[in-house]
Amino acid sequence: MAVLIDLGILVLFATIAGVLANRFKTPPVLGLLLAGAVVGPHLLGLISQNDSINLFSEIGAILLLFAIGSEFSASKLAQMGIRVLAIAVLKLSIVFFLTFQLAVFLGFSQVGALYLGAILSITSTALMIKIVEQKNYLQRKEVPILIASLVIEDIFAVFALAVFSNIGNGQIQANAIAASISISILALVAAYIIVRKVLSFILDYFIKYQAAETMTLLALSVGVGFSYFAEVIGLTPSIGAFLAGSIVASLPKGELLEKSISPFILAFSSIFFLSIGMLIDVGSIQQNAWIIIVLVIANMLFKFIATSASTFLLGFTRSQAVFSGLAMLSVGEFSLIIAKEGSMAVGFDLLGTTAAIVFFSTLASAASLDKFEGLSGFLSKATPKAVRTTTKDVSKVFVGAIKSLESAGKTSFVAVKETIFYWIAAIGILVFGSIANLVPSLAGITILRFSIVQITVLAATAVFALGIRGSIIALAAKKQDRNIPRFASIVALSSLLLLLPFISSSFESSFEQSEFTLVAVAAVLLAYIMYSGKKEHDAQENILFFKKP
């Protein structure tokens, strides 16, 4: 009886929170989090965090990731332009790396810094769309590109969850990273090659003899089944739910399954956000208030700079770039799931801190979005002329490269197929590292104080970056544009920068030396690429000038 009363109170407050959120034109997630905190054990104490509520919360998380995964499919990814990929990679790289360094500076452990980096770098798709829609900006030209880039961020979040799934005692090792990546890739390949074909046949049969309840049960079975499969192979169930949603999205008639399960997603995801709110300890937030304030300000600053810079360099106008930076401030559902995953490993109130960041970042985005024109004008006046000139020159190089790539007409999958050697080599190196860690004679080998396992992780990441560079160049087909290799190198270096904190956390005693060495090398290469691009661009302008009659 007590469980039913608790459930009834949850549903009642979820309804009230939704109504109030619509009344005050704020995203429902904020209302649910706030309502959960009010009725939870740390404030009014109307509901205790019992096993039944936890179960509903887990189901809500699974269905929420199923819904997010249904927005991602192989065909949609293939249709995304190189501009979308570049914006996502550049934004994620800058925010993740800066947040990781800030967290280490504030005294967090390496694992805690990894969690914070992943949490702050991801923008909430649902919250961003809701804010933009409520402000009547949904028809702006840059919005579809921003939404598409968030799909890439969701893929990064799945990768982060895969790595974090292998952190049991709060320590992350190179072999754990290698195993996580290998398992994730193999699971994804298996899901699309085998399960998709089976589900396509089953779905046709169900449609022939369909009833409303059978379609709903089939969708639930796919989500729960993949979640169980993910847990069996050592990953978090949320990853399995994401893969299940992506498979359903790729089916010819998958929208029938999505439609049948939609009411369950809305109901249980609401309970998920309420249960997250119930875990918020107001006393703990007050105790860590200064850290939360620093992280909230850092999130807004890092995301605004990273998003505005990456979109401006890739063809947006100054006004569009500032709008994008303000629209992408919010932290959301994926970040809460990652925080819940890391609460036990970090030894810090990560969930309460993340919930506070979600609340304030969303309010900041909603309050500031209408002021993008004024902020754009202010930044234009405040930015030194030399900086404006340099960024415009670099933007011309980037935009020229992207236009050449898009006019070549190749899809991303064709480009990946042409550079398949890099991807196979990277996976092979990771597998070798995992095996080497199990063989004492190999695990004991050190080169320049680095173990053979650590070296394999670094080598695999470098090969992965080369694969990204090769794929971008392959997209150009036979286009003779000198900007393309330079643009490809910058995207590859940004990818390496994004993975760098994960790599550096596997370097134990020599962590600081290895990290700053890699950063220095990446910075030198990036500076050389940028300088040579500007020099070549200026020389080309001079040649054209002298050729004029």
# chains A, B, ... in the order shown; residues from 1 in each chain; ligands from 1
call {"tool": "residues_around", "arguments": {"residues": "Glu341 (chain A)", "least_positions_apart": "2", "cutoff": "10 Å", "atoms": "only C-alpha atoms", "output": "compact mmCIF listing (two decimals) with N, CA and C atoms, in the first residue's frame"}}
result
# COMPACT_ATOMS: atom_id res chain seq x y z
N TYR A 115 34.40 12.46 -15.45
CA TYR A 115 32.94 12.54 -15.35
C TYR A 115 32.46 13.97 -15.58
N LEU A 161 29.78 6.61 -21.64
CA LEU A 161 29.12 5.64 -20.77
C LEU A 161 29.79 4.28 -20.85
N PHE A 164 32.91 4.51 -18.75
CA PHE A 164 32.59 4.61 -17.33
C PHE A 164 32.02 3.31 -16.78
N SER A 165 31.42 2.48 -17.65
CA SER A 165 30.87 1.21 -17.19
C SER A 165 31.94 0.30 -16.61
N ILE A 167 34.50 1.32 -14.83
CA ILE A 167 35.11 1.90 -13.64
C ILE A 167 34.34 1.38 -12.43
N THR A 236 26.69 -0.42 -19.26
CA THR A 236 25.49 0.04 -18.59
C THR A 236 24.26 -0.26 -19.45
N SER A 335 23.59 13.88 -19.34
CA SER A 335 24.50 14.26 -18.27
C SER A 335 24.01 13.73 -16.92
N LEU A 336 22.70 13.74 -16.70
CA LEU A 336 22.15 13.19 -15.46
C LEU A 336 22.38 11.69 -15.37
N ILE A 337 22.25 11.00 -16.49
CA ILE A 337 22.49 9.55 -16.50
C ILE A 337 23.95 9.25 -16.22
N ILE A 338 24.86 10.02 -16.82
CA ILE A 338 26.29 9.84 -16.56
C ILE A 338 26.60 10.13 -15.09
N ALA A 339 25.97 11.19 -14.54
CA ALA A 339 26.20 11.54 -13.13
C ALA A 339 25.70 10.44 -12.20
N SER A 343 28.07 8.35 -9.43
CA SER A 343 27.90 8.79 -8.04
C SER A 343 28.70 7.94 -7.07
N MET A 344 28.76 6.63 -7.31
CA MET A 344 29.47 5.73 -6.39
C MET A 344 30.97 5.76 -6.62
N ALA A 345 31.40 6.03 -7.84
CA ALA A 345 32.83 5.95 -8.17
C ALA A 345 33.61 7.20 -7.80
N VAL A 346 32.94 8.36 -7.78
CA VAL A 346 33.64 9.62 -7.62
C VAL A 346 33.84 10.00 -6.16
N LEU A 350 27.99 14.09 -7.07
CA LEU A 350 28.02 14.41 -8.50
C LEU A 350 26.62 14.64 -9.04
N LEU A 351 25.65 13.84 -8.55
CA LEU A 351 24.29 13.95 -9.06
C LEU A 351 23.64 15.27 -8.66
call {"tool": "residues_around", "arguments": {"residues": "Ile59 (chain A)", "least_positions_apart": "3", "cutoff": "9 Å", "atoms": "only C-alpha atoms", "output": "MDAnalysis selection string"}}
result
chainID A and resid 54:56 62:64 224 268:269 272
call {"tool": "write_last_selection", "arguments": {"atoms": "N, CA and C atoms", "output": "PDB file, in the first residue's frame"}}
result
ATOM      1  N   ASN A  54      13.076   3.260  -7.319  1.00  0.00           N
ATOM      2  CA  ASN A  54      14.330   3.032  -8.045  1.00  0.00           C
ATOM      3  C   ASN A  54      14.098   2.204  -9.304  1.00  0.00           C
ATOM      4  N   LEU A  55      13.212   1.210  -9.199  1.00  0.00           N
ATOM      5  CA  LEU A  55      12.904   0.374 -10.360  1.00  0.00           C
ATOM      6  C   LEU A  55      12.250   1.202 -11.458  1.00  0.00           C
ATOM      7  N   PHE A  56      11.257   2.014 -11.088  1.00  0.00           N
ATOM      8  CA  PHE A  56      10.604   2.886 -12.073  1.00  0.00           C
ATOM      9  C   PHE A  56      11.618   3.858 -12.690  1.00  0.00           C
ATOM     10  N   ILE A  62      15.982   3.759 -19.139  1.00  0.00           N
ATOM     11  CA  ILE A  62      16.086   2.890 -20.315  1.00  0.00           C
ATOM     12  C   ILE A  62      15.210   3.408 -21.454  1.00  0.00           C
ATOM     13  N   LEU A  63      13.961   3.768 -21.128  1.00  0.00           N
ATOM     14  CA  LEU A  63      13.054   4.263 -22.170  1.00  0.00           C
ATOM     15  C   LEU A  63      13.496   5.619 -22.704  1.00  0.00           C
ATOM     16  N   LEU A  64      14.078   6.442 -21.837  1.00  0.00           N
ATOM     17  CA  LEU A  64      14.582   7.740 -22.283  1.00  0.00           C
ATOM     18  C   LEU A  64      15.718   7.564 -23.283  1.00  0.00           C
ATOM     19  N   VAL A 224      14.203  -3.587 -23.565  1.00  0.00           N
ATOM     20  CA  VAL A 224      14.632  -4.321 -22.370  1.00  0.00           C
ATOM     21  C   VAL A 224      15.662  -5.387 -22.732  1.00  0.00           C
ATOM     22  N   PHE A 268       7.335   7.193 -17.854  1.00  0.00           N
ATOM     23  CA  PHE A 268       8.445   6.689 -17.057  1.00  0.00           C
ATOM     24  C   PHE A 268       9.634   7.655 -17.042  1.00  0.00           C
ATOM     25  N   SER A 269       9.853   8.401 -18.133  1.00  0.00           N
ATOM     26  CA  SER A 269      10.942   9.376 -18.107  1.00  0.00           C
ATOM     27  C   SER A 269      10.632  10.510 -17.129  1.00  0.00           C
ATOM     28  N   PHE A 272      11.616   9.229 -13.928  1.00  0.00           N
ATOM     29  CA  PHE A 272      13.083   9.244 -13.846  1.00  0.00           C
ATOM     30  C   PHE A 272      13.579  10.606 -13.374  1.00  0.00           C
TER      31      PHE A 272
END
call {"tool": "closest_residue", "arguments": {"among": "A:Leu218, A:Leu106, A:Ala21, A:Ala241", "to": "Ala67 (chain A)", "atoms": "only C-alpha atoms"}}
result
A:Ala241
call {"tool": "residues_around", "arguments": {"residues": "Asp349 (chain A)", "least_positions_apart": "5", "cutoff": "10 Å", "atoms": "only C-alpha atoms", "output": "JSON, numbers by chain"}}
result
{"A": [279, 280, 281, 284, 285, 288, 339, 340, 342, 343, 344, 354]}
call {"tool": "write_last_selection", "arguments": {"atoms": "N, CA and C atoms", "output": "PDB file, in the first residue's frame"}}
result
ATOM      1  N   LEU A 279      16.941  12.722  -5.247  1.00  0.00           N
ATOM      2  CA  LEU A 279      18.294  12.456  -4.765  1.00  0.00           C
ATOM      3  C   LEU A 279      19.069  13.732  -4.445  1.00  0.00           C
ATOM      4  N   ILE A 280      18.511  14.883  -4.824  1.00  0.00           N
ATOM      5  CA  ILE A 280      19.207  16.151  -4.593  1.00  0.00           C
ATOM      6  C   ILE A 280      19.211  16.458  -3.097  1.00  0.00           C
ATOM      7  N   ASP A 281      20.393  16.588  -2.554  1.00  0.00           N
ATOM      8  CA  ASP A 281      20.569  16.915  -1.139  1.00  0.00           C
ATOM      9  C   ASP A 281      20.886  18.408  -1.030  1.00  0.00           C
ATOM     10  N   SER A 284      23.972  19.207   0.925  1.00  0.00           N
ATOM     11  CA  SER A 284      25.216  18.960   0.203  1.00  0.00           C
ATOM     12  C   SER A 284      25.487  20.060  -0.820  1.00  0.00           C
ATOM     13  N   ILE A 285      24.431  20.554  -1.456  1.00  0.00           N
ATOM     14  CA  ILE A 285      24.597  21.637  -2.425  1.00  0.00           C
ATOM     15  C   ILE A 285      25.082  22.907  -1.731  1.00  0.00           C
ATOM     16  N   ASN A 288      28.758  22.560  -0.936  1.00  0.00           N
ATOM     17  CA  ASN A 288      29.626  22.654  -2.112  1.00  0.00           C
ATOM     18  C   ASN A 288      29.212  23.806  -3.023  1.00  0.00           C
ATOM     19  N   ALA A 339      25.974  11.189 -14.536  1.00  0.00           N
ATOM     20  CA  ALA A 339      26.198  11.542 -13.132  1.00  0.00           C
ATOM     21  C   ALA A 339      25.698  10.443 -12.205  1.00  0.00           C
ATOM     22  N   LYS A 340      24.560   9.862 -12.541  1.00  0.00           N
ATOM     23  CA  LYS A 340      24.025   8.775 -11.717  1.00  0.00           C
ATOM     24  C   LYS A 340      24.952   7.569 -11.776  1.00  0.00           C
ATOM     25  N   GLY A 342      28.131   7.685 -12.115  1.00  0.00           N
ATOM     26  CA  GLY A 342      29.396   7.964 -11.439  1.00  0.00           C
ATOM     27  C   GLY A 342      29.287   8.342  -9.980  1.00  0.00           C
ATOM     28  N   SER A 343      28.066   8.348  -9.435  1.00  0.00           N
ATOM     29  CA  SER A 343      27.902   8.787  -8.044  1.00  0.00           C
ATOM     30  C   SER A 343      28.704   7.936  -7.067  1.00  0.00           C
ATOM     31  N   MET A 344      28.765   6.633  -7.312  1.00  0.00           N
ATOM     32  CA  MET A 344      29.465   5.734  -6.391  1.00  0.00           C
ATOM     33  C   MET A 344      30.971   5.762  -6.619  1.00  0.00           C
ATOM     34  N   THR A 354      25.266  18.030 -10.657  1.00  0.00           N
ATOM     35  CA  THR A 354      24.806  18.028 -12.049  1.00  0.00           C
ATOM     36  C   THR A 354      23.387  18.572 -12.160  1.00  0.00           C
TER      37      THR A 354
END
call {"tool": "atom_distance", "arguments": {"atom1": "CA of Ala103 (chain A)", "atom2": "CA of Ala289 (chain A)"}}
result
15.0 Å
call {"tool": "atom_distance", "arguments": {"atom1": "CA of Arg482 (chain A)", "atom2": "CA of Ala401 (chain A)"}}
result
8.1 Å
call {"tool": "closest_residue", "arguments": {"among": "A:Leu220, A:Val457, A:Leu498, A:Ala17", "to": "Ala88 (chain A)", "atoms": "only C-alpha atoms"}}
result
A:Leu498
call {"tool": "residues_around", "arguments": {"residues": "Leu92 (chain A)", "least_positions_apart": "2", "cutoff": "9 Å", "atoms": "only C-alpha atoms", "output": "list of chain:residue names"}}
result
A:Ile87, A:Ala88, A:Val89, A:Leu90, A:Ile94, A:Val95, A:Phe96, A:Phe97, A:Ala118, A:Ser121, A:Ile122, A:Glu153, A:Phe156, A:Lys303, A:Ala306, A:Thr307, A:Ser494, A:Ser495, A:Leu498
call {"tool": "write_last_selection", "arguments": {"atoms": "N, CA and C atoms", "output": "tab-separated table (two decimals), in the first residue's frame"}}
result
chain	number	residue	atom	x	y	z
A	87	ILE	N	31.55	20.80	-36.42
A	87	ILE	CA	31.04	21.64	-35.32
A	87	ILE	C	30.98	20.83	-34.03
A	88	ALA	N	30.45	19.61	-34.11
A	88	ALA	CA	30.31	18.78	-32.91
A	88	ALA	C	31.67	18.43	-32.32
A	89	VAL	N	32.61	18.04	-33.17
A	89	VAL	CA	33.93	17.62	-32.68
A	89	VAL	C	34.67	18.79	-32.06
A	90	LEU	N	34.67	19.95	-32.73
A	90	LEU	CA	35.37	21.11	-32.19
A	90	LEU	C	34.76	21.56	-30.86
A	94	ILE	N	36.83	21.26	-27.16
A	94	ILE	CA	37.18	22.44	-26.37
A	94	ILE	C	36.56	22.36	-24.97
A	95	VAL	N	35.25	22.08	-24.91
A	95	VAL	CA	34.56	22.06	-23.61
A	95	VAL	C	35.08	20.92	-22.74
A	96	PHE	N	35.23	19.74	-23.32
A	96	PHE	CA	35.67	18.59	-22.52
A	96	PHE	C	37.07	18.81	-21.96
A	97	PHE	N	37.98	19.25	-22.80
A	97	PHE	CA	39.37	19.41	-22.35
A	97	PHE	C	39.48	20.51	-21.29
A	118	ALA	N	32.72	15.00	-19.27
A	118	ALA	CA	31.65	14.43	-20.10
A	118	ALA	C	30.32	15.09	-19.81
A	121	SER	N	30.23	18.80	-21.22
A	121	SER	CA	30.46	18.98	-22.66
A	121	SER	C	29.23	18.68	-23.50
A	122	ILE	N	28.28	17.93	-22.94
A	122	ILE	CA	27.10	17.50	-23.71
A	122	ILE	C	25.96	18.49	-23.50
A	153	GLU	N	26.96	14.43	-30.53
A	153	GLU	CA	27.25	14.50	-29.09
A	153	GLU	C	26.65	13.32	-28.34
A	156	PHE	N	28.98	10.48	-28.68
A	156	PHE	CA	30.10	10.65	-27.74
A	156	PHE	C	29.67	10.27	-26.32
A	303	LYS	N	31.07	26.58	-23.02
A	303	LYS	CA	30.16	26.20	-24.10
A	303	LYS	C	29.90	27.36	-25.06
A	306	ALA	N	33.17	27.80	-27.13
A	306	ALA	CA	33.40	26.66	-28.04
A	306	ALA	C	32.38	26.62	-29.17
A	307	THR	N	31.09	26.79	-28.82
A	307	THR	CA	30.05	26.73	-29.84
A	307	THR	C	30.13	27.92	-30.79
A	494	SER	N	41.56	17.83	-33.17
A	494	SER	CA	40.49	18.10	-32.21
A	494	SER	C	39.94	16.80	-31.62
A	495	SER	N	39.83	15.77	-32.46
A	495	SER	CA	39.38	14.46	-31.97
A	495	SER	C	40.39	13.90	-30.97
A	498	LEU	N	39.95	15.59	-27.76
A	498	LEU	CA	38.74	15.12	-27.08
A	498	LEU	C	39.03	13.83	-26.31
